[in-house]
$ cat work_10.pdb   # PDB, C-alpha atoms
ATOM      1  CA  MET K  28       0.000   0.000   0.000
ATOM      2  CA  ALA K  29       1.281   3.452  -0.910
ATOM      3  CA  LYS K  30       2.298   5.489   2.084
ATOM      4  CA  ARG K  31       0.537   8.815   2.598
ATOM      5  CA  THR K  32       2.715  11.896   2.423
ATOM      6  CA  GLU K  33       2.974  13.819   5.679
ATOM      7  CA  THR K  34       1.096  16.834   4.248
ATOM      8  CA  ALA K  35      -1.708  14.774   2.716
ATOM      9  CA  GLY K  36      -2.054  12.740   5.884
ATOM     10  CA  ARG K  37      -2.332  15.851   8.026
ATOM     11  CA  LEU K  38      -4.994  17.326   5.727
ATOM     12  CA  ASP K  39      -6.904  14.053   5.891
ATOM     13  CA  ASP K  40      -6.819  14.254   9.680
ATOM     14  CA  ALA K  41      -7.851  17.917   9.561
ATOM     15  CA  ALA K  42     -10.788  17.064   7.301
ATOM     16  CA  ARG K  43     -11.873  14.284   9.658
ATOM     17  CA  ALA K  44     -11.588  16.542  12.702
ATOM     18  CA  GLY K  45     -13.426  19.360  10.903
ATOM     19  CA  TRP K  46     -16.258  17.037   9.925
ATOM     20  CA  LEU K  47     -16.590  15.717  13.466
ATOM     21  CA  TYR K  48     -16.680  19.249  14.886
ATOM     22  CA  TYR K  49     -18.859  21.147  12.372
ATOM     23  CA  VAL K  50     -21.073  18.398  10.971
ATOM     24  CA  ALA K  51     -21.318  15.760  13.681
ATOM     25  CA  GLY K  52     -21.324  18.358  16.460
ATOM     26  CA  ARG K  53     -18.643  16.630  18.535
ATOM     27  CA  THR K  54     -16.686  18.495  21.189
ATOM     28  CA  GLN K  55     -12.918  18.753  20.939
ATOM     29  CA  ASP K  56     -12.572  16.253  23.813
ATOM     30  CA  GLU K  57     -14.776  13.796  21.915
ATOM     31  CA  ILE K  58     -12.768  14.317  18.724
ATOM     32  CA  ALA K  59      -9.541  13.709  20.610
ATOM     33  CA  SER K  60     -10.919  10.473  22.023
ATOM     34  CA  ALA K  61     -12.291   9.286  18.679
ATOM     35  CA  MET K  62      -9.030   9.988  16.852
ATOM     36  CA  GLY K  63      -6.696   8.898  19.636
ATOM     37  CA  ILE K  64      -4.975  12.278  19.939
ATOM     38  CA  SER K  65      -4.656  15.002  22.568
ATOM     39  CA  ARG K  66      -7.263  17.747  22.944
ATOM     40  CA  GLN K  67      -4.672  20.304  21.826
ATOM     41  CA  SER K  68      -3.991  18.313  18.659
ATOM     42  CA  ALA K  69      -7.722  18.084  17.971
ATOM     43  CA  GLN K  70      -8.020  21.858  18.355
ATOM     44  CA  ARG K  71      -5.121  22.436  15.946
ATOM     45  CA  LEU K  72      -6.612  20.065  13.371
ATOM     46  CA  VAL K  73      -9.983  21.847  13.476
ATOM     47  CA  SER K  74      -8.192  25.182  13.014
ATOM     48  CA  LEU K  75      -6.197  23.732  10.115
ATOM     49  CA  ALA K  76      -9.407  22.552   8.435
ATOM     50  CA  VAL K  77     -10.696  26.140   8.490
ATOM     51  CA  ALA K  78      -7.360  27.676   7.428
ATOM     52  CA  GLU K  79      -7.085  25.313   4.440
ATOM     53  CA  ARG K  80     -10.693  26.055   3.438
ATOM     54  CA  LEU K  81     -11.693  22.432   3.925
ATOM     55  CA  ILE K  82     -14.632  23.817   5.895
ATOM     56  CA  LYS K  83     -17.015  26.418   4.484
ATOM     57  CA  VAL K  84     -19.359  27.811   7.109
ATOM     58  CA  ARG K  85     -22.865  28.923   6.060
ATOM     59  CA  LEU K  86     -25.199  30.681   8.466
ATOM     60  CA  ASP K  87     -28.729  29.359   7.875
ATOM     61  CA  HIS K  88     -30.548  31.322  10.596
ATOM     62  CA  PRO K  89     -32.573  34.112   8.988
ATOM     63  CA  ILE K  90     -31.910  37.577  10.329
ATOM     64  CA  ALA K  91     -35.112  39.517  10.749
ATOM     65  CA  GLU K  92     -33.832  42.893   9.532
ATOM     66  CA  CYS K  93     -32.307  41.365   6.411
ATOM     67  CA  LEU K  94     -35.607  39.651   5.629
ATOM     68  CA  GLU K  95     -37.538  42.903   6.096
ATOM     69  CA  LEU K  96     -35.170  44.778   3.793
ATOM     70  CA  GLY K  97     -35.430  41.985   1.255
ATOM     71  CA  GLU K  98     -39.216  42.052   1.274
ATOM     72  CA  ALA K  99     -39.217  45.827   0.812
ATOM     73  CA  LEU K 100     -36.841  45.525  -2.160
ATOM     74  CA  ARG K 101     -38.952  42.759  -3.636
ATOM     75  CA  LYS K 102     -42.041  44.981  -3.585
ATOM     76  CA  LYS K 103     -40.289  48.144  -4.802
ATOM     77  CA  PHE K 104     -38.662  46.544  -7.850
ATOM     78  CA  ALA K 105     -41.029  43.588  -8.482
ATOM     79  CA  LEU K 106     -38.247  41.057  -7.908
ATOM     80  CA  VAL K 107     -38.557  37.282  -8.033
ATOM     81  CA  HIS K 108     -35.496  36.637  -5.848
ATOM     82  CA  VAL K 109     -33.905  38.708  -3.069
ATOM     83  CA  ASP K 110     -31.171  37.744  -0.625
ATOM     84  CA  ILE K 111     -29.832  40.339   1.819
ATOM     85  CA  VAL K 112     -26.772  39.458   3.879
ATOM     86  CA  PRO K 113     -25.533  41.284   6.995
ATOM     87  CA  SER K 114     -23.102  44.161   6.441
ATOM     88  CA  ASP K 115     -19.670  44.171   8.030
ATOM     89  CA  PRO K 116     -18.753  47.829   8.737
ATOM     90  CA  GLY K 117     -15.141  46.858   9.360
ATOM     91  CA  SER K 118     -14.609  45.134   6.027
ATOM     92  CA  SER K 119     -13.690  46.728   2.714
ATOM     93  CA  SER K 120     -14.343  43.541   0.747
ATOM     94  CA  THR K 121     -16.822  43.792  -2.129
ATOM     95  CA  THR K 122     -17.467  40.043  -2.172
ATOM     96  CA  ILE K 123     -17.605  38.674   1.389
ATOM     97  CA  GLY K 124     -21.144  37.703   2.303
ATOM     98  CA  ILE K 125     -22.691  37.999  -1.128
ATOM     99  CA  ALA K 126     -20.235  35.474  -2.606
ATOM    100  CA  GLU K 127     -21.323  32.893  -0.038
ATOM    101  CA  ALA K 128     -25.004  33.727  -0.582
ATOM    102  CA  GLY K 129     -24.507  33.536  -4.338
ATOM    103  CA  ALA K 130     -22.872  30.129  -4.029
ATOM    104  CA  ALA K 131     -25.780  28.891  -1.910
ATOM    105  CA  GLU K 132     -28.321  30.043  -4.520
ATOM    106  CA  ILE K 133     -26.327  28.546  -7.406
ATOM    107  CA  GLU K 134     -26.110  25.290  -5.472
ATOM    108  CA  ARG K 135     -29.877  25.328  -4.901
ATOM    109  CA  TRP K 136     -30.502  25.546  -8.630
ATOM    110  CA  LEU K 137     -27.949  22.856  -9.403
ATOM    111  CA  LYS K 138     -29.596  20.453  -6.967
ATOM    112  CA  LYS K 139     -32.713  20.371  -9.151
ATOM    113  CA  THR K 140     -33.260  16.950 -10.666
ATOM    114  CA  GLU K 141     -34.874  18.235 -13.860
ATOM    115  CA  PRO K 142     -32.387  19.603 -16.428
ATOM    116  CA  ILE K 143     -31.830  23.359 -16.440
ATOM    117  CA  VAL K 144     -29.736  25.865 -18.362
ATOM    118  CA  LEU K 145     -27.738  28.054 -15.976
ATOM    119  CA  ALA K 146     -26.042  31.137 -17.400
ATOM    120  CA  VAL K 147     -23.198  33.047 -15.773
ATOM    121  CA  GLY K 148     -21.565  36.389 -16.409
ATOM    122  CA  THR K 149     -18.078  37.272 -15.279
ATOM    123  CA  GLY K 150     -16.268  39.319 -12.651
ATOM    124  CA  ARG K 151     -14.654  39.207  -9.257
ATOM    125  CA  THR K 152     -17.838  38.642  -7.258
ATOM    126  CA  LEU K 153     -18.988  35.740  -9.395
ATOM    127  CA  LYS K 154     -15.532  34.186  -9.273
ATOM    128  CA  ALA K 155     -15.597  34.422  -5.474
ATOM    129  CA  ALA K 156     -19.041  32.763  -5.459
ATOM    130  CA  ILE K 157     -17.956  29.926  -7.755
ATOM    131  CA  ASP K 158     -14.926  29.330  -5.517
ATOM    132  CA  GLN K 159     -17.382  28.593  -2.688
ATOM    133  CA  LEU K 160     -19.259  25.861  -4.561
ATOM    134  CA  PRO K 161     -18.899  22.308  -3.287
ATOM    135  CA  THR K 162     -17.967  19.500  -5.635
ATOM    136  CA  MET K 163     -21.148  18.256  -7.313
ATOM    137  CA  GLU K 164     -22.208  15.864 -10.073
ATOM    138  CA  CYS K 165     -24.667  17.660 -12.376
ATOM    139  CA  PRO K 166     -24.569  15.899 -15.765
ATOM    140  CA  GLN K 167     -28.250  16.724 -16.360
ATOM    141  CA  HIS K 168     -27.622  20.474 -16.447
ATOM    142  CA  ARG K 169     -26.031  22.799 -18.985
ATOM    143  CA  ILE K 170     -24.091  25.877 -17.920
ATOM    144  CA  MET K 171     -23.156  28.612 -20.346
ATOM    145  CA  SER K 172     -21.195  31.840 -20.352
ATOM    146  CA  LEU K 173     -22.903  35.102 -21.225
ATOM    147  CA  THR K 174     -19.559  36.804 -21.791
ATOM    148  CA  GLY K 175     -16.475  35.971 -23.786
ATOM    149  CA  ASN K 176     -13.602  34.104 -22.201
ATOM    150  CA  ILE K 177     -10.888  35.868 -24.238
ATOM    151  CA  GLY K 178      -9.068  39.020 -23.158
ATOM    152  CA  PRO K 179      -8.276  41.940 -25.494
ATOM    153  CA  ASP K 180      -4.752  40.573 -26.070
ATOM    154  CA  GLY K 181      -5.991  37.074 -26.927
ATOM    155  CA  SER K 182      -5.231  35.597 -23.502
ATOM    156  CA  ALA K 183      -7.778  33.793 -21.346
ATOM    157  CA  ALA K 184      -9.885  36.225 -19.335
ATOM    158  CA  TYR K 185      -8.909  35.864 -15.682
ATOM    159  CA  TYR K 186     -12.352  36.467 -14.179
ATOM    160  CA  ASN K 187     -14.271  34.239 -16.571
ATOM    161  CA  VAL K 188     -15.830  31.556 -14.389
ATOM    162  CA  ILE K 189     -17.325  28.991 -16.775
ATOM    163  CA  PHE K 190     -14.385  26.574 -16.693
ATOM    164  CA  SER K 191     -13.824  26.590 -12.924
ATOM    165  CA  MET K 192     -17.564  26.176 -12.387
ATOM    166  CA  ALA K 193     -17.800  23.277 -14.812
ATOM    167  CA  ASP K 194     -14.875  21.615 -13.083
ATOM    168  CA  ALA K 195     -16.601  21.959  -9.697
ATOM    169  CA  VAL K 196     -20.060  20.760 -10.686
ATOM    170  CA  LYS K 197     -19.254  18.334 -13.534
ATOM    171  CA  ALA K 198     -21.872  19.752 -15.905
ATOM    172  CA  ARG K 199     -21.821  20.241 -19.651
ATOM    173  CA  HIS K 200     -20.549  23.737 -20.298
ATOM    174  CA  TYR K 201     -20.665  26.147 -23.184
ATOM    175  CA  PRO K 202     -18.081  28.959 -23.189
ATOM    176  CA  MET K 203     -18.405  32.053 -25.347
ATOM    177  CA  PRO K 204     -15.215  31.893 -27.471
ATOM    178  CA  LEU K 205     -15.071  35.653 -28.008
ATOM    179  CA  PRO K 206     -13.865  38.774 -26.189
ATOM    180  CA  VAL K 207     -16.370  41.000 -24.382
ATOM    181  CA  LEU K 208     -15.823  43.793 -26.934
ATOM    182  CA  VAL K 209     -14.719  43.512 -30.558
ATOM    183  CA  SER K 210     -13.441  46.211 -32.903
ATOM    184  CA  SER K 211     -16.624  46.865 -34.877
ATOM    185  CA  THR K 212     -20.278  45.981 -35.373
ATOM    186  CA  GLU K 213     -19.359  44.168 -38.586
ATOM    187  CA  GLU K 214     -16.822  41.992 -36.777
ATOM    188  CA  ARG K 215     -19.360  41.113 -34.075
ATOM    189  CA  ASP K 216     -22.017  40.169 -36.614
ATOM    190  CA  LEU K 217     -19.545  37.990 -38.493
ATOM    191  CA  LEU K 218     -18.417  36.215 -35.316
ATOM    192  CA  HIS K 219     -21.999  35.691 -34.148
ATOM    193  CA  LYS K 220     -22.761  33.826 -37.373
ATOM    194  CA  GLN K 221     -20.305  31.064 -36.478
ATOM    195  CA  SER K 222     -22.058  27.788 -35.576
ATOM    196  CA  LEU K 223     -20.227  27.417 -32.243
ATOM    197  CA  VAL K 224     -21.282  30.900 -31.217
ATOM    198  CA  GLN K 225     -24.825  30.386 -32.465
ATOM    199  CA  SER K 226     -25.350  27.455 -30.086
ATOM    200  CA  THR K 227     -24.261  29.610 -27.124
ATOM    201  CA  LEU K 228     -26.510  32.489 -28.208
ATOM    202  CA  ARG K 229     -29.430  30.073 -28.437
ATOM    203  CA  LEU K 230     -28.738  28.681 -24.969
ATOM    204  CA  GLY K 231     -28.736  32.214 -23.578
ATOM    205  CA  ARG K 232     -32.305  32.704 -24.747
ATOM    206  CA  GLU K 233     -33.290  29.387 -23.136
ATOM    207  CA  ALA K 234     -31.639  29.970 -19.737
ATOM    208  CA  ASP K 235     -33.696  29.167 -16.660
ATOM    209  CA  VAL K 236     -31.510  31.298 -14.407
ATOM    210  CA  ALA K 237     -28.580  33.680 -14.882
ATOM    211  CA  PHE K 238     -26.100  35.026 -12.341
ATOM    212  CA  VAL K 239     -24.383  38.282 -13.314
ATOM    213  CA  GLY K 240     -22.065  40.845 -11.808
ATOM    214  CA  ILE K 241     -22.984  44.542 -11.895
ATOM    215  CA  GLY K 242     -20.154  46.662 -13.275
ATOM    216  CA  GLU K 243     -19.543  50.219 -12.088
ATOM    217  CA  LEU K 244     -18.022  52.774 -14.427
ATOM    218  CA  GLY K 245     -14.919  54.943 -14.082
ATOM    219  CA  ALA K 246     -11.195  54.839 -14.781
ATOM    220  CA  ASP K 247     -10.757  51.911 -12.391
ATOM    221  CA  ALA K 248     -13.817  49.993 -13.634
ATOM    222  CA  PRO K 249     -13.322  46.346 -14.679
ATOM    223  CA  LEU K 250     -13.603  47.115 -18.415
ATOM    224  CA  CYS K 251     -10.732  49.599 -18.068
ATOM    225  CA  LEU K 252      -8.594  47.494 -15.767
ATOM    226  CA  ASP K 253      -8.996  44.497 -18.066
ATOM    227  CA  GLY K 254      -7.968  46.541 -21.095
ATOM    228  CA  PHE K 255     -11.218  46.606 -23.078
ATOM    229  CA  LEU K 256     -11.705  50.384 -22.787
ATOM    230  CA  ASP K 257      -9.225  53.192 -22.231
ATOM    231  CA  PRO K 258      -9.940  55.956 -19.682
ATOM    232  CA  GLU K 259     -10.882  58.439 -22.433
ATOM    233  CA  GLU K 260     -13.503  56.082 -23.870
ATOM    234  CA  MET K 261     -14.865  55.451 -20.394
ATOM    235  CA  ALA K 262     -15.099  59.184 -19.636
ATOM    236  CA  ARG K 263     -16.939  59.742 -22.920
ATOM    237  CA  LEU K 264     -19.413  56.988 -22.106
ATOM    238  CA  MET K 265     -20.170  58.510 -18.724
ATOM    239  CA  GLU K 266     -20.697  61.911 -20.369
ATOM    240  CA  GLU K 267     -23.219  60.220 -22.665
ATOM    241  CA  GLY K 268     -25.154  59.031 -19.616
ATOM    242  CA  ALA K 269     -23.783  55.550 -18.972
ATOM    243  CA  ALA K 270     -24.398  54.442 -15.370
ATOM    244  CA  GLY K 271     -23.270  50.809 -15.337
ATOM    245  CA  GLU K 272     -22.710  47.659 -17.328
ATOM    246  CA  ILE K 273     -23.682  44.002 -17.221
ATOM    247  CA  CYS K 274     -21.618  41.591 -19.317
ATOM    248  CA  GLY K 275     -20.326  44.623 -21.223
ATOM    249  CA  TRP K 276     -23.788  45.983 -22.064
ATOM    250  CA  MET K 277     -23.886  49.680 -21.133
ATOM    251  CA  PHE K 278     -27.051  51.164 -19.624
ATOM    252  CA  ASP K 279     -28.186  54.547 -18.350
ATOM    253  CA  ARG K 280     -29.657  55.650 -15.003
ATOM    254  CA  ASP K 281     -33.067  54.332 -16.042
ATOM    255  CA  GLY K 282     -31.647  50.915 -16.816
ATOM    256  CA  LYS K 283     -32.027  51.325 -20.572
ATOM    257  CA  LEU K 284     -29.350  50.089 -22.969
ATOM    258  CA  LEU K 285     -27.431  52.957 -24.520
ATOM    259  CA  ASP K 286     -27.763  53.439 -28.242
ATOM    260  CA  ASN K 287     -24.084  53.971 -28.946
ATOM    261  CA  SER K 288     -21.067  52.491 -30.698
ATOM    262  CA  ILE K 289     -19.874  50.585 -27.607
ATOM    263  CA  ASN K 290     -23.017  48.451 -27.311
ATOM    264  CA  GLU K 291     -22.802  47.801 -31.050
ATOM    265  CA  ARG K 292     -19.397  46.215 -30.407
ATOM    266  CA  VAL K 293     -20.420  44.046 -27.436
ATOM    267  CA  ALA K 294     -19.984  40.375 -28.350
ATOM    268  CA  SER K 295     -21.614  39.049 -25.170
ATOM    269  CA  VAL K 296     -24.837  37.081 -25.246
ATOM    270  CA  PRO K 297     -27.842  39.403 -24.761
ATOM    271  CA  LEU K 298     -29.295  39.154 -21.268
ATOM    272  CA  PRO K 299     -31.938  36.395 -21.159
ATOM    273  CA  PRO K 300     -35.569  37.577 -21.237
ATOM    274  CA  ARG K 301     -36.626  38.443 -17.691
ATOM    275  CA  GLU K 302     -40.178  37.283 -18.442
ATOM    276  CA  THR K 303     -38.951  33.673 -18.540
ATOM    277  CA  THR K 304     -35.545  33.772 -16.817
ATOM    278  CA  THR K 305     -34.505  34.595 -13.267
ATOM    279  CA  VAL K 306     -31.602  37.036 -13.724
ATOM    280  CA  ILE K 307     -29.816  37.594 -10.408
ATOM    281  CA  GLY K 308     -27.317  40.414  -9.947
ATOM    282  CA  LEU K 309     -24.624  40.162  -7.268
ATOM    283  CA  ALA K 310     -23.198  43.450  -5.995
ATOM    284  CA  LYS K 311     -22.651  45.522  -2.869
ATOM    285  CA  GLY K 312     -20.815  48.634  -1.738
ATOM    286  CA  LYS K 313     -20.908  52.355  -2.529
ATOM    287  CA  ARG K 314     -19.084  51.955  -5.830
ATOM    288  CA  LYS K 315     -21.916  49.733  -7.053
ATOM    289  CA  HIS K 316     -24.826  51.883  -5.833
ATOM    290  CA  LEU K 317     -25.562  53.762  -9.057
ATOM    291  CA  ALA K 318     -25.088  50.798 -11.378
ATOM    292  CA  LEU K 319     -27.172  48.449  -9.225
ATOM    293  CA  LEU K 320     -29.976  50.962  -8.709
ATOM    294  CA  SER K 321     -30.103  51.705 -12.436
ATOM    295  CA  ALA K 322     -30.212  48.005 -13.344
ATOM    296  CA  LEU K 323     -33.090  47.466 -10.913
ATOM    297  CA  ARG K 324     -34.999  50.524 -12.150
ATOM    298  CA  GLY K 325     -34.883  49.296 -15.719
ATOM    299  CA  GLY K 326     -35.661  45.676 -14.924
ATOM    300  CA  MET K 327     -32.369  44.483 -16.364
ATOM    301  CA  ILE K 328     -32.274  42.072 -13.442
ATOM    302  CA  ASN K 329     -35.223  40.587 -11.551
ATOM    303  CA  GLY K 330     -33.226  39.206  -8.667
ATOM    304  CA  VAL K 331     -30.534  40.609  -6.403
ATOM    305  CA  ILE K 332     -28.033  39.433  -3.799
ATOM    306  CA  THR K 333     -26.572  42.311  -1.784
ATOM    307  CA  ASP K 334     -25.962  43.475   1.780
ATOM    308  CA  GLU K 335     -27.933  45.503   4.339
ATOM    309  CA  SER K 336     -26.147  48.787   3.705
ATOM    310  CA  THR K 337     -26.650  48.636  -0.047
ATOM    311  CA  ALA K 338     -30.271  47.524   0.399
ATOM    312  CA  ARG K 339     -30.998  50.581   2.553
ATOM    313  CA  HIS K 340     -29.501  52.844  -0.108
ATOM    314  CA  LEU K 341     -31.614  51.229  -2.835
ATOM    315  CA  LEU K 342     -34.765  51.714  -0.767
ATOM    316  CA  SER K 343     -34.010  55.363   0.009
ATOM    317  CA  ALA K 344     -33.134  56.338  -3.583
TER     318      ALA K 344
END

$ encode --input "work_10.pdb" --output "structure tokens"
Amino acid sequence: MAKRTETAGRLDDAARAGWLYYVAGRTQDEIASAMGISRQSAQRLVSLAVAERLIKVRLDHPIAECLELGEALRKKFALVHVDIVPSDPGSSSTTIGIAEAGAAEIERWLKKTEPIVLAVGTGRTLKAAIDQLPTMECPQHRIMSLTGNIGPDGSAAYYNVIFSMADAVKARHYPMPLPVLVSSTEERDLLHKQSLVQSTLRLGREADVAFVGIGELGADAPLCLDGFLDPEEMARLMEEGAAGEICGWMFDRDGKLLDNSINERVASVPLPPRETTTVIGLAKGKRKHLALLSALRGGMINGVITDESTARHLLSA
């Protein structure tokens, strides 16, 4: 029999101790007895399980204020899904809380026995959510990317999540083999005529649920940082009334797509029809306020996962 390496063996022990503590509800004394180790060793193994992300903690107890805010948002914007997570005033993270809630909602959809089409956008928040997904076997489902997985220089887009998600959930997956923005309307139309792209466009229209990030605008916005737009182009867009973007699609403060040259160059799949698809936006924080509010006003999304602070802003606007 092959001998376990010291590192692998210690992680195995940490996983066992973590399971006994968080799932079975055993005390550290009971874990020590069951594993034949000291209480101090049991404590260290449980800590190691958390440090190595072998354990992902999810709080299932509903918090009354979050539920009240969620219900108010649901009524104000006629939403079909709302999830409000507690705010952490001491954290500057734009993903903590909503990434975990997003993962839980994605997992809920993937646990359905009947086949579904699940669409995903791109971005840091979605990547953080996908990283939280447990390993699953979902051969009955199809997952597809609403945005291209190619960067402006031809490299793989770092925050595209379709491949890491497919690896985690073992589902058939359909990437969009294009960049978010192309050089012209003519180039986009030509690329969209390709049979491989056509199948992805068709799936987008058939999606049962879509999870998308909400992009803010500005010189340090994702489209600028990732090299798709230069600061001058971004400034011009904002002067024209752009308030935010979803999968590269620019919209104004009323949540209406801008009629401009940028949207004519977007190669992303159009957002699925909200009449038949649950389109859930994940975003929180002051930088996202305008973009998220605008998307909700225009019905670009009919579901939202955000935090208490952002929810209060959306209700007061």

$ resolve_selection --input "work_10.pdb" --expression "the PyMOL selection byres ((chain K and resi 168) around 7)" --output "list in words"
Pro142, Ile143, Val144, Cys165, Pro166, Gln167, Arg169, Ile170, Ala198 and Arg199 of chain K

$ resolve_selection --input "work_10.pdb" --expression "the PyMOL selection byres ((chain K and resi 276) around 10)" --output "PyMOL selection string"
chain K and resi 207-208+242+271-275+277-278+283-285+289-298

$ residues_around --input "work_10.pdb" --residues "segment 188-197 of chain K" --least-positions-apart "2" --cutoff "8 Å" --atoms "all atoms listed in the file" --output "list in words"
Val147, Gly148, Thr149, Gly150, Leu153, Lys154, Ile157, Asp158, Leu160, Pro161, Thr162, Met163, Glu164, Cys165, Pro166, Ile170, Met171, Ser172, Tyr186, Arg199, His200, Tyr201 and Pro202 of chain K

$ write_last_selection --input "work_10.pdb" --atoms "C-alpha atoms" --output "compact mmCIF listing (two decimals), in the frame of the given file"
# COMPACT_ATOMS: atom_id res chain seq x y z
CA VAL K 147 -23.20 33.05 -15.77
CA GLY K 148 -21.56 36.39 -16.41
CA THR K 149 -18.08 37.27 -15.28
CA GLY K 150 -16.27 39.32 -12.65
CA LEU K 153 -18.99 35.74 -9.40
CA LYS K 154 -15.53 34.19 -9.27
CA ILE K 157 -17.96 29.93 -7.76
CA ASP K 158 -14.93 29.33 -5.52
CA LEU K 160 -19.26 25.86 -4.56
CA PRO K 161 -18.90 22.31 -3.29
CA THR K 162 -17.97 19.50 -5.64
CA MET K 163 -21.15 18.26 -7.31
CA GLU K 164 -22.21 15.86 -10.07
CA CYS K 165 -24.67 17.66 -12.38
CA PRO K 166 -24.57 15.90 -15.76
CA ILE K 170 -24.09 25.88 -17.92
CA MET K 171 -23.16 28.61 -20.35
CA SER K 172 -21.20 31.84 -20.35
CA TYR K 186 -12.35 36.47 -14.18
CA ARG K 199 -21.82 20.24 -19.65
CA HIS K 200 -20.55 23.74 -20.30
CA TYR K 201 -20.66 26.15 -23.18
CA PRO K 202 -18.08 28.96 -23.19

$ closest_residue --input "work_10.pdb" --among "K:Asp56, K:Asp247, K:Glu79, K:Asp235" --to "Leu38 of chain K" --atoms "only C-alpha atoms"
K:Glu79

$ atom_distance --input "work_10.pdb" --atom1 "atom CA of Ala61 of chain K" --atom2 "atom CA of Gln159 of chain K"
29.2 Å

$ closest_residue --input "work_10.pdb" --among "K:Ala246, K:Ala338, K:Gly175, K:Lys311" --to "Ser118 of chain K" --atoms "all atoms listed in the file"
K:Lys311

$ atom_distance --input "work_10.pdb" --atom1 "atom CA of Gly268 of chain K" --atom2 "atom CA of Asn287 of chain K"
10.7 Å

$ closest_residue --input "work_10.pdb" --among "K:Ile307, K:Val109, K:Ala59, K:Ala234" --to "Ala41 of chain K" --atoms "all atoms listed in the file"
K:Ala59

$ resolve_selection --input "work_10.pdb" --expression "the PyMOL selection byres ((chain K and resi 325-332) around 10)" --output "PyMOL selection string"
chain K and resi 97+100-101+104-112+124-126+128-129+132+236-239+241+273+278-284+298-302+304-311+319-324+333-334+338

$ atom_distance --input "work_10.pdb" --atom1 "atom CA of Ser114 of chain K" --atom2 "atom CA of Glu335 of chain K"
5.4 Å

$ closest_residue --input "work_10.pdb" --among "K:Ala78, K:Gln221, K:Leu205, K:Ser119" --to "Asn176 of chain K" --atoms "all atoms listed in the file"
K:Leu205

$ decode --input "work_10.pdb" --residues "segment 83-130 of chain K" --atoms "C-alpha atoms" --output "mmCIF file, in the first residue's frame"
data_model
loop_
_atom_site.group_PDB
_atom_site.id
_atom_site.type_symbol
_atom_site.label_atom_id
_atom_site.label_comp_id
_atom_site.auth_asym_id
_atom_site.auth_seq_id
_atom_site.Cartn_x
_atom_site.Cartn_y
_atom_site.Cartn_z
ATOM 1 C CA LYS K 83 -17.015 26.418 4.484
ATOM 2 C CA VAL K 84 -19.359 27.811 7.109
ATOM 3 C CA ARG K 85 -22.865 28.923 6.060
ATOM 4 C CA LEU K 86 -25.199 30.681 8.466
ATOM 5 C CA ASP K 87 -28.729 29.359 7.875
ATOM 6 C CA HIS K 88 -30.548 31.322 10.596
ATOM 7 C CA PRO K 89 -32.573 34.112 8.988
ATOM 8 C CA ILE K 90 -31.910 37.577 10.329
ATOM 9 C CA ALA K 91 -35.112 39.517 10.749
ATOM 10 C CA GLU K 92 -33.832 42.893 9.532
ATOM 11 C CA CYS K 93 -32.307 41.365 6.411
ATOM 12 C CA LEU K 94 -35.607 39.651 5.629
ATOM 13 C CA GLU K 95 -37.538 42.903 6.096
ATOM 14 C CA LEU K 96 -35.170 44.778 3.793
ATOM 15 C CA GLY K 97 -35.430 41.985 1.255
ATOM 16 C CA GLU K 98 -39.216 42.052 1.274
ATOM 17 C CA ALA K 99 -39.217 45.827 0.812
ATOM 18 C CA LEU K 100 -36.841 45.525 -2.160
ATOM 19 C CA ARG K 101 -38.952 42.759 -3.636
ATOM 20 C CA LYS K 102 -42.041 44.981 -3.585
ATOM 21 C CA LYS K 103 -40.289 48.144 -4.802
ATOM 22 C CA PHE K 104 -38.662 46.544 -7.850
ATOM 23 C CA ALA K 105 -41.029 43.588 -8.482
ATOM 24 C CA LEU K 106 -38.247 41.057 -7.908
ATOM 25 C CA VAL K 107 -38.557 37.282 -8.033
ATOM 26 C CA HIS K 108 -35.496 36.637 -5.848
ATOM 27 C CA VAL K 109 -33.905 38.708 -3.069
ATOM 28 C CA ASP K 110 -31.171 37.744 -0.625
ATOM 29 C CA ILE K 111 -29.832 40.339 1.819
ATOM 30 C CA VAL K 112 -26.772 39.458 3.879
ATOM 31 C CA PRO K 113 -25.533 41.284 6.995
ATOM 32 C CA SER K 114 -23.102 44.161 6.441
ATOM 33 C CA ASP K 115 -19.670 44.171 8.030
ATOM 34 C CA PRO K 116 -18.753 47.829 8.737
ATOM 35 C CA GLY K 117 -15.141 46.858 9.360
ATOM 36 C CA SER K 118 -14.609 45.134 6.027
ATOM 37 C CA SER K 119 -13.690 46.728 2.714
ATOM 38 C CA SER K 120 -14.343 43.541 0.747
ATOM 39 C CA THR K 121 -16.822 43.792 -2.129
ATOM 40 C CA THR K 122 -17.467 40.043 -2.172
ATOM 41 C CA ILE K 123 -17.605 38.674 1.389
ATOM 42 C CA GLY K 124 -21.144 37.703 2.303
ATOM 43 C CA ILE K 125 -22.691 37.999 -1.128
ATOM 44 C CA ALA K 126 -20.235 35.474 -2.606
ATOM 45 C CA GLU K 127 -21.323 32.893 -0.038
ATOM 46 C CA ALA K 128 -25.004 33.727 -0.582
ATOM 47 C CA GLY K 129 -24.507 33.536 -4.338
ATOM 48 C CA ALA K 130 -22.872 30.129 -4.029
#
